[in-house]
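Shown next: final.cif, containing mmCIF, C-alpha atoms.
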```
data_final
loop_
_atom_site.label_atom_id
_atom_site.label_comp_id
_atom_site.auth_asym_id
_atom_site.auth_seq_id
_atom_site.Cartn_x
_atom_site.Cartn_y
_atom_site.Cartn_z
CA ARG A 48 132.30 46.47 -144.93
CA THR A 49 130.41 43.30 -145.78
CA SER A 50 129.03 42.00 -149.04
CA SER A 51 125.35 41.19 -149.60
CA LYS A 52 126.33 37.58 -150.22
CA PRO A 53 126.20 35.34 -147.12
CA GLY A 54 129.62 34.37 -145.85
CA CYS A 55 131.36 36.88 -148.06
CA VAL A 56 133.52 39.44 -146.26
CA MET A 57 135.22 42.15 -148.29
CA ALA A 58 138.55 43.60 -147.23
CA ARG A 59 138.08 46.84 -145.36
CA ALA A 60 140.16 49.90 -146.10
CA ILE A 61 142.26 49.97 -142.92
CA ARG A 62 145.07 52.49 -142.99
CA THR A 63 148.53 51.95 -141.57
CA TYR A 64 150.07 55.08 -140.06
CA SER A 65 153.77 55.84 -139.60
CA LEU A 66 155.25 58.19 -137.03
CA ALA A 67 155.81 60.67 -139.84
CA ASP A 68 152.04 60.69 -140.41
CA ARG A 69 151.11 61.22 -136.77
CA ALA A 70 154.07 62.76 -134.94
CA ALA A 71 156.25 65.84 -135.13
CA GLY A 72 159.38 63.87 -134.25
CA PRO A 73 160.92 60.79 -135.90
CA ASP A 74 160.96 58.54 -132.82
CA PHE A 75 158.61 59.84 -130.09
CA SER A 76 155.47 61.93 -129.73
CA ILE A 77 153.13 62.78 -126.88
CA ARG A 78 149.86 64.64 -127.25
CA ASP A 79 146.80 65.30 -125.15
CA GLU A 80 143.12 65.72 -126.01
CA ARG A 81 143.69 69.36 -126.98
CA ASN A 82 146.06 68.73 -129.86
CA VAL A 83 145.55 65.17 -131.05
CA THR A 84 143.89 64.40 -134.37
CA ARG A 85 141.34 61.74 -133.47
CA ILE A 86 140.85 58.73 -135.75
CA ALA A 87 137.34 57.33 -135.47
CA GLU A 88 137.78 54.27 -137.69
CA ALA A 89 139.80 51.11 -137.04
CA HIS A 90 143.44 51.54 -138.04
CA ARG A 91 146.96 50.32 -137.31
CA HIS A 92 150.37 51.91 -137.07
CA GLU A 93 154.02 50.98 -137.38
CA TYR A 94 154.87 52.09 -133.84
CA PHE A 95 153.89 51.48 -130.22
CA GLN A 96 151.10 53.51 -128.69
CA VAL A 97 150.12 54.11 -125.07
CA GLN A 98 147.02 55.99 -123.99
CA LEU A 99 146.64 57.20 -120.41
CA ASN A 100 142.96 57.97 -119.88
CA LEU A 101 142.28 60.66 -117.27
CA ALA A 102 138.56 61.37 -117.76
CA GLY A 103 135.73 59.78 -119.72
CA ARG A 104 134.69 56.17 -120.20
CA THR A 105 135.07 54.31 -123.46
CA GLU A 106 135.81 50.86 -124.89
CA GLN A 107 138.95 49.97 -126.75
CA HIS A 108 138.86 47.52 -129.66
CA ILE A 109 142.10 45.60 -130.19
CA ALA A 110 141.93 42.94 -132.89
CA ALA A 111 138.96 40.80 -131.81
CA ALA A 112 139.11 41.89 -128.15
CA ARG A 113 136.94 44.54 -126.51
CA ARG A 114 138.24 46.04 -123.25
CA PRO A 115 136.79 48.82 -121.07
CA LEU A 116 138.83 51.99 -120.65
CA GLY A 117 137.74 54.27 -117.85
CA PRO A 118 139.42 57.05 -115.84
CA GLY A 119 142.88 55.87 -114.83
CA GLY A 120 142.85 53.20 -117.53
CA ILE A 121 145.85 52.67 -119.77
CA SER A 122 145.84 51.18 -123.26
CA PHE A 123 148.87 49.46 -124.81
CA ILE A 124 148.97 48.88 -128.58
CA LEU A 125 151.67 46.85 -130.33
CA PRO A 126 152.82 47.83 -133.84
CA TYR A 127 150.55 46.67 -136.67
CA ARG A 128 147.63 45.71 -134.39
CA ILE A 129 144.25 46.82 -135.72
CA HIS A 130 142.57 48.90 -133.05
CA ARG A 131 140.09 51.66 -132.36
CA ILE A 132 139.58 53.77 -129.22
CA PRO A 133 136.59 56.15 -129.41
CA HIS A 134 136.91 59.33 -127.35
CA PRO A 135 133.66 60.49 -125.73
CA PRO A 136 132.90 64.18 -125.16
CA ARG A 137 134.84 65.83 -122.31
CA SER A 138 137.37 63.00 -122.22
CA ARG A 139 140.93 63.80 -121.16
CA PHE A 140 143.95 61.71 -122.04
CA PHE A 141 147.57 61.53 -123.13
CA ILE A 142 148.62 59.55 -126.20
CA LEU A 143 152.27 58.47 -126.44
CA SER A 144 153.68 57.16 -129.71
CA PHE A 145 157.20 55.80 -130.13
CA ASN A 146 159.20 53.27 -132.08
CA LEU A 147 161.16 50.30 -130.75
CA LYS A 148 164.50 52.00 -131.29
CA PHE A 149 163.45 54.81 -128.95
CA LEU A 150 162.20 52.43 -126.27
CA ARG A 151 164.97 49.83 -126.48
CA PRO A 152 167.84 50.89 -128.80
CA GLU A 153 169.68 47.61 -128.22
CA LEU A 154 166.70 45.33 -128.95
CA ASP A 155 167.16 44.21 -132.57
CA VAL A 156 163.80 42.52 -133.19
CA HIS A 157 161.31 42.93 -136.02
CA PRO A 158 158.08 44.54 -134.70
CA LEU A 159 156.09 41.50 -135.85
CA ASP A 160 158.26 39.23 -133.68
CA LEU A 161 157.89 41.12 -130.41
CA GLU A 162 155.62 38.37 -129.04
CA ASP A 163 158.62 36.04 -128.99
CA VAL A 164 160.77 38.31 -126.80
CA PRO A 165 161.05 36.81 -123.26
CA LEU A 166 159.81 39.08 -120.49
CA THR A 167 163.11 38.60 -118.70
CA ARG A 168 164.76 40.39 -121.61
CA ALA A 169 162.23 43.25 -121.98
CA PRO A 170 159.71 43.23 -119.10
CA GLU A 171 158.28 46.59 -120.16
CA LEU A 172 156.72 44.85 -123.18
CA ALA A 173 154.40 42.79 -120.96
CA PRO A 174 151.40 45.19 -121.00
CA PHE A 175 151.57 45.36 -124.80
CA LEU A 176 151.71 41.57 -125.16
CA PHE A 177 148.77 40.86 -122.87
CA GLN A 178 146.47 43.82 -123.55
CA GLU A 179 143.94 41.54 -125.24
CA TYR A 180 143.48 39.65 -121.95
CA LEU A 181 143.89 42.26 -119.20
CA ASP A 182 142.62 45.69 -118.21
CA PHE A 183 145.32 48.06 -116.96
CA SER A 184 144.70 51.01 -114.69
CA LEU A 185 146.40 53.21 -112.11
CA SER A 186 144.90 55.05 -109.17
CA GLY A 187 145.84 57.36 -106.31
CA THR A 188 149.49 58.39 -106.14
CA ASP A 189 150.47 56.14 -109.07
CA LEU A 190 147.94 57.85 -111.35
CA SER A 191 148.98 61.34 -110.20
CA GLN A 192 152.63 60.53 -110.80
CA ALA A 193 151.84 58.99 -114.21
CA ALA A 194 149.99 62.14 -115.30
CA ALA A 195 152.91 64.26 -114.02
CA ALA A 196 155.37 62.07 -115.96
CA CYS A 197 153.34 62.62 -119.13
CA ARG A 198 153.37 66.38 -118.61
CA GLU A 199 157.15 66.26 -118.08
CA MET A 200 157.60 64.21 -121.26
CA GLN A 201 155.38 66.64 -123.15
CA ALA A 202 157.38 69.66 -121.96
CA GLU A 203 160.73 67.99 -122.66
CA ASN A 204 159.64 66.83 -126.11
CA ALA A 205 158.60 70.36 -127.04
CA GLN A 206 162.13 71.67 -126.51
CA ARG A 207 164.33 68.79 -127.62
CA ARG A 208 167.90 69.50 -126.51
CA LEU A 209 170.93 67.61 -125.23
CA GLY A 210 169.70 64.93 -122.84
CA SER A 211 166.01 65.21 -123.80
CA THR A 212 165.86 61.73 -125.29
CA GLU A 213 167.29 60.18 -122.12
CA ILE A 214 164.92 62.13 -119.86
CA ILE A 215 161.86 61.21 -121.93
CA ARG A 216 162.91 57.56 -122.19
CA GLY A 217 163.44 57.46 -118.43
CA ARG A 218 159.94 58.79 -117.73
CA LEU A 219 158.46 56.39 -120.29
CA LEU A 220 160.22 53.38 -118.77
CA TRP A 221 159.09 54.51 -115.32
CA LEU A 222 155.48 54.58 -116.56
CA LEU A 223 155.74 51.11 -118.11
CA GLY A 224 157.55 49.75 -115.05
CA THR A 225 154.89 51.15 -112.70
CA VAL A 226 152.12 49.46 -114.67
CA CYS A 227 154.07 46.18 -114.62
CA ARG A 228 154.57 46.44 -110.85
CA CYS A 229 150.90 47.26 -110.17
CA HIS A 230 149.73 44.32 -112.32
CA GLU A 231 152.65 41.99 -111.64
CA ARG A 232 150.70 38.89 -110.62
CA ALA A 233 148.27 39.11 -113.51
CA LEU A 234 151.08 39.66 -116.02
CA GLN A 235 153.12 36.76 -114.66
CA ALA A 236 150.04 34.53 -114.85
CA GLN A 237 149.53 35.43 -118.51
CA ALA A 238 153.21 34.83 -119.22
CA ALA A 239 153.07 31.44 -117.49
CA ARG A 240 150.20 30.30 -119.70
CA LYS A 241 151.93 31.78 -122.76
CA ALA A 242 148.94 33.96 -123.59
CA GLN A 243 150.66 35.59 -126.56
CA GLN A 244 150.84 32.17 -128.24
CA ALA A 245 147.18 31.57 -127.42
CA SER A 246 146.40 34.88 -129.08
CA ARG A 247 148.18 33.74 -132.24
CA ARG A 248 146.31 30.42 -132.20
CA ASP A 249 142.98 32.21 -131.79
CA ALA A 250 143.81 34.54 -134.66
CA LEU A 251 144.75 31.63 -136.95
CA ALA A 252 141.57 29.80 -135.93
CA ARG A 253 139.50 32.82 -137.03
CA VAL A 254 141.34 32.88 -140.34
CA MET A 255 140.89 29.17 -141.01
CA ARG A 256 137.20 29.37 -140.10
CA HIS A 257 136.78 32.06 -142.74
CA VAL A 258 138.72 29.98 -145.27
CA ARG A 259 136.58 26.89 -144.63
CA GLU A 260 133.38 28.89 -145.04
CA ASN A 261 134.49 30.39 -148.36
CA LEU A 262 136.38 27.62 -150.14
CA GLY A 263 133.97 27.77 -153.07
CA ARG A 264 135.29 31.11 -154.25
CA ARG A 265 138.54 33.03 -154.56
CA ILE A 266 139.86 34.17 -151.17
CA GLN A 267 142.29 37.04 -150.87
CA LEU A 268 144.80 37.44 -148.03
CA ALA A 269 143.52 40.95 -147.23
CA GLU A 270 139.96 39.67 -147.00
CA ALA A 271 140.87 36.83 -144.62
CA ALA A 272 142.92 39.25 -142.51
CA ALA A 273 139.96 41.64 -142.27
CA ALA A 274 137.66 38.79 -141.25
CA ALA A 275 140.04 37.92 -138.41
CA GLU A 276 140.66 41.60 -137.56
CA LEU A 277 144.35 41.37 -138.39
CA SER A 278 146.58 43.32 -140.73
CA PRO A 279 147.54 41.43 -143.93
CA ASN A 280 151.28 41.71 -143.27
CA TYR A 281 150.85 40.43 -139.71
CA LEU A 282 148.70 37.53 -140.91
CA ALA A 283 151.20 36.55 -143.62
CA HIS A 284 154.03 36.74 -141.08
CA LEU A 285 152.03 34.74 -138.54
CA ILE A 286 151.19 31.96 -141.00
CA ARG A 287 154.77 31.71 -142.18
CA LYS A 288 156.12 31.63 -138.63
CA ASP A 289 153.63 29.08 -137.26
CA THR A 290 153.27 26.78 -140.28
CA GLY A 291 156.18 27.54 -142.62
CA LYS A 292 153.64 28.04 -145.41
CA THR A 293 152.04 30.91 -147.30
CA PHE A 294 148.39 31.85 -147.13
CA LEU A 295 147.92 30.47 -150.64
CA ASP A 296 149.48 27.16 -149.54
CA LEU A 297 146.94 26.85 -146.71
CA VAL A 298 143.96 27.65 -148.92
CA THR A 299 145.15 25.17 -151.55
CA GLU A 300 145.59 22.43 -148.93
CA ARG A 301 142.07 22.98 -147.56
CA ARG A 302 140.59 22.83 -151.06
CA MET A 303 142.41 19.59 -151.82
CA GLU A 304 141.24 18.10 -148.51
CA LYS A 305 137.67 19.04 -149.29
#
```

Would you put the structure from the file into structure tokens?
Amino acid sequence: RTSSKPGCVMARAIRTYSLADRAAGPDFSIRDERNVTRIAEAHRHEYFQVQLNLAGRTEQHIAAARRPLGPGGISFILPYRIHRIPHPPRSRFFILSFNLKFLRPELDVHPLDLEDVPLTRAPELAPFLFQEYLDFSLSGTDLSQAAAACREMQAENAQRRLGSTEIIRGRLLWLLGTVCRCHERALQAQAARKAQQASRRDALARVMRHVRENLGRRIQLAEAAAAAELSPNYLAHLIRKDTGKTFLDLVTERRMEK
């Protein structure tokens, strides 16, 4: 939502969803196009999300990136990333939602610091970290097996019993590992150039551009985050981690410089 004044961007009402809002279970959920509640507007959530697209072509919006998502395409969304994936008529897909504890119980990392986890420690995070730069897809036997794995996870999740968590986690890790193997060279190239750090720099550059263009008036953190297509908590965390300062500190410095 934009103001009528040039250069003035108002903070948009972007909702953050928890697993309790969107899932029947506390740690994992899988739904298909028949039983998912579709969200048309941009939003974010506290958990990971994977979408396996089986039919229909669309475009996914992740922060400032726009990536195609056709049949066989897979989308990987990190926690707290603003995103939107429209679903055209007659589309078919699976949507998997899960928290970090379900995926990697031993990985004690704040969701906002996942970009700093080395791929050697958690290689299955690679598609999530580099989704802004790459398009992921499966075909042939890999796609058939991925769809079958989703159906198995769906059936197992519907009758949670002893061993269900381990079976579902195994299928999920197989899916993530298969995507990593199919896109290994591209993922390693992104890791070598430290693309996740480039993504942070690009995001901060968008924020500072907005600050420079609006120094003559009061600038709120939420407004700057919306202008850069980030969540306010992620932006505050990013600024603190990269500069050791608060958003207010940065705005004050720029005003004094001017």

Just say which residues the PyMOL selection byres ((chain A and resi 152-158) around 12) picks in this file, as an mmCIF file with C-alpha atoms, keeping the file's coordinate frame.
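For reference, out.cif as written:
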```cif
data_model
loop_
_atom_site.group_PDB
_atom_site.id
_atom_site.type_symbol
_atom_site.label_atom_id
_atom_site.label_comp_id
_atom_site.auth_asym_id
_atom_site.auth_seq_id
_atom_site.Cartn_x
_atom_site.Cartn_y
_atom_site.Cartn_z
ATOM 1 C CA ASP A 74 160.960 58.540 -132.820
ATOM 2 C CA HIS A 92 150.370 51.910 -137.070
ATOM 3 C CA GLU A 93 154.020 50.980 -137.380
ATOM 4 C CA TYR A 94 154.870 52.090 -133.840
ATOM 5 C CA PHE A 95 153.890 51.480 -130.220
ATOM 6 C CA ILE A 124 148.970 48.880 -128.580
ATOM 7 C CA LEU A 125 151.670 46.850 -130.330
ATOM 8 C CA PRO A 126 152.820 47.830 -133.840
ATOM 9 C CA TYR A 127 150.550 46.670 -136.670
ATOM 10 C CA ARG A 128 147.630 45.710 -134.390
ATOM 11 C CA PHE A 145 157.200 55.800 -130.130
ATOM 12 C CA ASN A 146 159.200 53.270 -132.080
ATOM 13 C CA LEU A 147 161.160 50.300 -130.750
ATOM 14 C CA LYS A 148 164.500 52.000 -131.290
ATOM 15 C CA PHE A 149 163.450 54.810 -128.950
ATOM 16 C CA LEU A 150 162.200 52.430 -126.270
ATOM 17 C CA ARG A 151 164.970 49.830 -126.480
ATOM 18 C CA LEU A 159 156.090 41.500 -135.850
ATOM 19 C CA ASP A 160 158.260 39.230 -133.680
ATOM 20 C CA LEU A 161 157.890 41.120 -130.410
ATOM 21 C CA GLU A 162 155.620 38.370 -129.040
ATOM 22 C CA ASP A 163 158.620 36.040 -128.990
ATOM 23 C CA VAL A 164 160.770 38.310 -126.800
ATOM 24 C CA PRO A 165 161.050 36.810 -123.260
ATOM 25 C CA ARG A 168 164.760 40.390 -121.610
ATOM 26 C CA ALA A 169 162.230 43.250 -121.980
ATOM 27 C CA LEU A 172 156.720 44.850 -123.180
ATOM 28 C CA PHE A 175 151.570 45.360 -124.800
ATOM 29 C CA LEU A 176 151.710 41.570 -125.160
ATOM 30 C CA THR A 212 165.860 61.730 -125.290
ATOM 31 C CA GLU A 213 167.290 60.180 -122.120
ATOM 32 C CA ARG A 216 162.910 57.560 -122.190
ATOM 33 C CA ASN A 280 151.280 41.710 -143.270
ATOM 34 C CA TYR A 281 150.850 40.430 -139.710
ATOM 35 C CA HIS A 284 154.030 36.740 -141.080
#
```

Residues within 12 Å of Leu190 of chain A, all atoms listed in the file, excluding chain neighbours under 6 positions, as a ChimeraX atom specification: /A:99-102,118-121,183-184,196-197,222,225-226,229

Dump as a PDB file, in the coordinates of the input, selection limited to C-alpha atoms:
```
ATOM      1  CA  LEU A  99     146.640  57.200-120.410  1.00  0.00           C
ATOM      2  CA  ASN A 100     142.960  57.970-119.880  1.00  0.00           C
ATOM      3  CA  LEU A 101     142.280  60.660-117.270  1.00  0.00           C
ATOM      4  CA  ALA A 102     138.560  61.370-117.760  1.00  0.00           C
ATOM      5  CA  PRO A 118     139.420  57.050-115.840  1.00  0.00           C
ATOM      6  CA  GLY A 119     142.880  55.870-114.830  1.00  0.00           C
ATOM      7  CA  GLY A 120     142.850  53.200-117.530  1.00  0.00           C
ATOM      8  CA  ILE A 121     145.850  52.670-119.770  1.00  0.00           C
ATOM      9  CA  PHE A 183     145.320  48.060-116.960  1.00  0.00           C
ATOM     10  CA  SER A 184     144.700  51.010-114.690  1.00  0.00           C
ATOM     11  CA  ALA A 196     155.370  62.070-115.960  1.00  0.00           C
ATOM     12  CA  CYS A 197     153.340  62.620-119.130  1.00  0.00           C
ATOM     13  CA  LEU A 222     155.480  54.580-116.560  1.00  0.00           C
ATOM     14  CA  THR A 225     154.890  51.150-112.700  1.00  0.00           C
ATOM     15  CA  VAL A 226     152.120  49.460-114.670  1.00  0.00           C
ATOM     16  CA  CYS A 229     150.900  47.260-110.170  1.00  0.00           C
TER      17      CYS A 229
END
```

Any idea what's packed within 9 Å of Ile266 of chain A, counting all atoms listed in the file, ignoring anything in its chain fewer than 5 positions away? Could you give it as a ChimeraX atom specification? /A:258,261,271,295,298

Could you list the residues chosen by the PyMOL selection byres ((chain A and resi 198) around 12) in this structure as a PDB file with C-alpha atoms, keeping the file's coordinate frame?
```
ATOM      1  CA  ILE A  77     153.130  62.780-126.880  1.00  0.00           C
ATOM      2  CA  ARG A  78     149.860  64.640-127.250  1.00  0.00           C
ATOM      3  CA  ASP A  79     146.800  65.300-125.150  1.00  0.00           C
ATOM      4  CA  LEU A  99     146.640  57.200-120.410  1.00  0.00           C
ATOM      5  CA  PHE A 140     143.950  61.710-122.040  1.00  0.00           C
ATOM      6  CA  PHE A 141     147.570  61.530-123.130  1.00  0.00           C
ATOM      7  CA  ILE A 142     148.620  59.550-126.200  1.00  0.00           C
ATOM      8  CA  LEU A 143     152.270  58.470-126.440  1.00  0.00           C
ATOM      9  CA  SER A 191     148.980  61.340-110.200  1.00  0.00           C
ATOM     10  CA  GLN A 192     152.630  60.530-110.800  1.00  0.00           C
ATOM     11  CA  ALA A 193     151.840  58.990-114.210  1.00  0.00           C
ATOM     12  CA  ALA A 194     149.990  62.140-115.300  1.00  0.00           C
ATOM     13  CA  ALA A 195     152.910  64.260-114.020  1.00  0.00           C
ATOM     14  CA  ALA A 196     155.370  62.070-115.960  1.00  0.00           C
ATOM     15  CA  CYS A 197     153.340  62.620-119.130  1.00  0.00           C
ATOM     16  CA  GLU A 199     157.150  66.260-118.080  1.00  0.00           C
ATOM     17  CA  MET A 200     157.600  64.210-121.260  1.00  0.00           C
ATOM     18  CA  GLN A 201     155.380  66.640-123.150  1.00  0.00           C
ATOM     19  CA  ALA A 202     157.380  69.660-121.960  1.00  0.00           C
ATOM     20  CA  GLU A 203     160.730  67.990-122.660  1.00  0.00           C
ATOM     21  CA  ASN A 204     159.640  66.830-126.110  1.00  0.00           C
ATOM     22  CA  ALA A 205     158.600  70.360-127.040  1.00  0.00           C
ATOM     23  CA  ILE A 215     161.860  61.210-121.930  1.00  0.00           C
ATOM     24  CA  ARG A 218     159.940  58.790-117.730  1.00  0.00           C
ATOM     25  CA  LEU A 219     158.460  56.390-120.290  1.00  0.00           C
TER      26      LEU A 219
END
```

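What the PyMOL selection byres ((chain A and resi 132) around 8) matches in the given file is A:Ala87, A:Thr105, A:Glu106, A:Gln107, A:His108, A:His130, A:Arg131, A:Pro133, A:His134.
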
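Counting from atom CA of Thr299 of chain A, the distance to atom CA of Ala283 of chain A is 15.1 Å.
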
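In terms of minimum interatomic distance to Arg113 of chain A, A:Asp182 ranks closest within A:Asp182, A:Phe75, A:Ser138, A:Arg81, counting only C-alpha atoms.
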
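You will find atom CA of Met255 of chain A at 12.7 Å from atom CA of Leu285 of chain A.
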
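Between Pro174 of chain A and the candidates A:Ser246, A:Ser65, A:Gln235, A:Ser278, the tightest atom-to-atom separation, counting only C-alpha atoms, involves A:Gln235.
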
Rounded to one decimal in Å, what is the spacing between atom CA of Ile286 of chain A and atom CA of Leu234 of chain A? 26.1 Å

So which one's closest to Gly117 of chain A, A:Ser186, A:Ser76, A:Gln96, A:Thr167? Using only C-alpha atoms, please. A:Ser186

Just the residues within 10 Å of Arg137 of chain A, please, counting all atoms listed in the file, with nothing from its chain fewer than 6 positions along; format it as a short mmCIF file (atom, residue, chain, number, x, y, z; two decimals) with C-alpha atoms, in the coordinates of the input.
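Result file is result.cif:
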```cif
data_model
loop_
_atom_site.label_atom_id
_atom_site.label_comp_id
_atom_site.auth_asym_id
_atom_site.auth_seq_id
_atom_site.Cartn_x
_atom_site.Cartn_y
_atom_site.Cartn_z
CA GLU A 80 143.12 65.72 -126.01
CA ALA A 102 138.56 61.37 -117.76
CA GLY A 103 135.73 59.78 -119.72
CA ARG A 104 134.69 56.17 -120.20
#
```

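Here the question is which of A:Arg287, A:Leu181, A:Arg85, A:Gln237 gets nearest to Pro135 of chain A using all atoms listed in the file, and that residue is A:Arg85.
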
From the list A:Glu171, A:Glu270, A:Asp296, A:Glu88, which residue is nearest Thr63 of chain A when using all atoms listed in the file? A:Glu88

From the list A:Ala67, A:Leu185, A:Ile61, A:Leu166, which residue is nearest His230 of chain A when using all atoms listed in the file? A:Leu185

To test the calculation: enclose all listed atoms of segment 300-305 of chain A in a box whose edges run along x, y and z, add 4 Å on each side, then state centre and edge lengths in Å to one decimal, as AutoDock Vina command-line options.
```
--center_x 141.6 --center_y 20.5 --center_z -149.7 --size_x 15.9 --size_y 12.9 --size_z 12.3
```

Mind checking which residues fall within 8 Å of Arg301 of chain A, counting all atoms listed in the file, ignoring those fewer than 4 positions away in the same chain, and posting them as a JSON list (two decimals) with C-alpha atoms, keeping the file's coordinate frame?
```
[["chain", "number", "residue", "atom", "x", "y", "z"],
["A", 259, "ARG", "CA", 136.58, 26.89, -144.63],
["A", 262, "LEU", "CA", 136.38, 27.62, -150.14],
["A", 297, "LEU", "CA", 146.94, 26.85, -146.71],
["A", 305, "LYS", "CA", 137.67, 19.04, -149.29]]
```

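Proximity to Ala111 of chain A at 9 Å, evaluated using only C-alpha atoms and with sequence-adjacent residues fewer than 3 positions away removed, yields A:His108, A:Ile129, A:His130, A:Glu179, A:Ala250, A:Ala275, A:Glu276, A:Leu277.
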
File of the preceding selection, C-alpha atoms, as a PDB file, in the frame of the given file:
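Written out: selection00.pdb:
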```
ATOM      1  CA  HIS A 108     138.860  47.520-129.660  1.00  0.00           C
ATOM      2  CA  ILE A 129     144.250  46.820-135.720  1.00  0.00           C
ATOM      3  CA  HIS A 130     142.570  48.900-133.050  1.00  0.00           C
ATOM      4  CA  GLU A 179     143.940  41.540-125.240  1.00  0.00           C
ATOM      5  CA  ALA A 250     143.810  34.540-134.660  1.00  0.00           C
ATOM      6  CA  ALA A 275     140.040  37.920-138.410  1.00  0.00           C
ATOM      7  CA  GLU A 276     140.660  41.600-137.560  1.00  0.00           C
ATOM      8  CA  LEU A 277     144.350  41.370-138.390  1.00  0.00           C
TER       9      LEU A 277
END
```

As a compact mmCIF listing (two decimals), keeping the file's coordinate frame, the rebuilt segment 246-252 of chain A with all heavy atoms:
```
# COMPACT_ATOMS: atom_id res chain seq x y z
N SER A 246 146.96 33.83 -128.23
CA SER A 246 146.40 34.88 -129.08
C SER A 246 146.66 34.58 -130.55
O SER A 246 145.78 34.76 -131.40
CB SER A 246 147.01 36.23 -128.70
OG SER A 246 146.56 37.25 -129.55
N ARG A 247 147.87 34.10 -130.85
CA ARG A 247 148.18 33.74 -132.24
C ARG A 247 147.32 32.57 -132.71
O ARG A 247 146.82 32.56 -133.83
CB ARG A 247 149.66 33.39 -132.37
CG ARG A 247 150.61 34.57 -132.20
CD ARG A 247 151.93 34.32 -132.89
NE ARG A 247 152.63 33.18 -132.32
CZ ARG A 247 153.59 33.27 -131.41
NH1 ARG A 247 153.95 34.45 -130.95
NH2 ARG A 247 154.21 32.20 -130.96
N ARG A 248 147.14 31.57 -131.83
CA ARG A 248 146.31 30.42 -132.20
C ARG A 248 144.87 30.85 -132.45
O ARG A 248 144.22 30.38 -133.40
CB ARG A 248 146.36 29.35 -131.10
CG ARG A 248 147.69 28.62 -131.01
CD ARG A 248 147.54 27.36 -130.16
NE ARG A 248 147.10 27.67 -128.80
CZ ARG A 248 147.94 27.93 -127.79
NH1 ARG A 248 149.25 27.92 -127.99
NH2 ARG A 248 147.47 28.18 -126.58
N ASP A 249 144.36 31.73 -131.60
CA ASP A 249 142.98 32.21 -131.79
C ASP A 249 142.84 32.97 -133.11
O ASP A 249 141.84 32.83 -133.82
CB ASP A 249 142.58 33.13 -130.63
CG ASP A 249 142.45 32.39 -129.32
OD1 ASP A 249 142.36 31.14 -129.35
OD2 ASP A 249 142.43 33.04 -128.26
N ALA A 250 143.85 33.77 -133.42
CA ALA A 250 143.81 34.54 -134.66
C ALA A 250 143.82 33.60 -135.87
O ALA A 250 143.05 33.77 -136.82
CB ALA A 250 144.99 35.50 -134.73
N LEU A 251 144.70 32.59 -135.84
CA LEU A 251 144.75 31.63 -136.95
C LEU A 251 143.46 30.83 -137.05
O LEU A 251 143.00 30.50 -138.15
CB LEU A 251 145.94 30.68 -136.76
CG LEU A 251 147.31 31.24 -137.14
CD1 LEU A 251 148.40 30.24 -136.81
CD2 LEU A 251 147.35 31.60 -138.62
N ALA A 252 142.84 30.53 -135.91
CA ALA A 252 141.57 29.80 -135.93
C ALA A 252 140.49 30.64 -136.62
O ALA A 252 139.67 30.11 -137.38
CB ALA A 252 141.15 29.45 -134.51
```
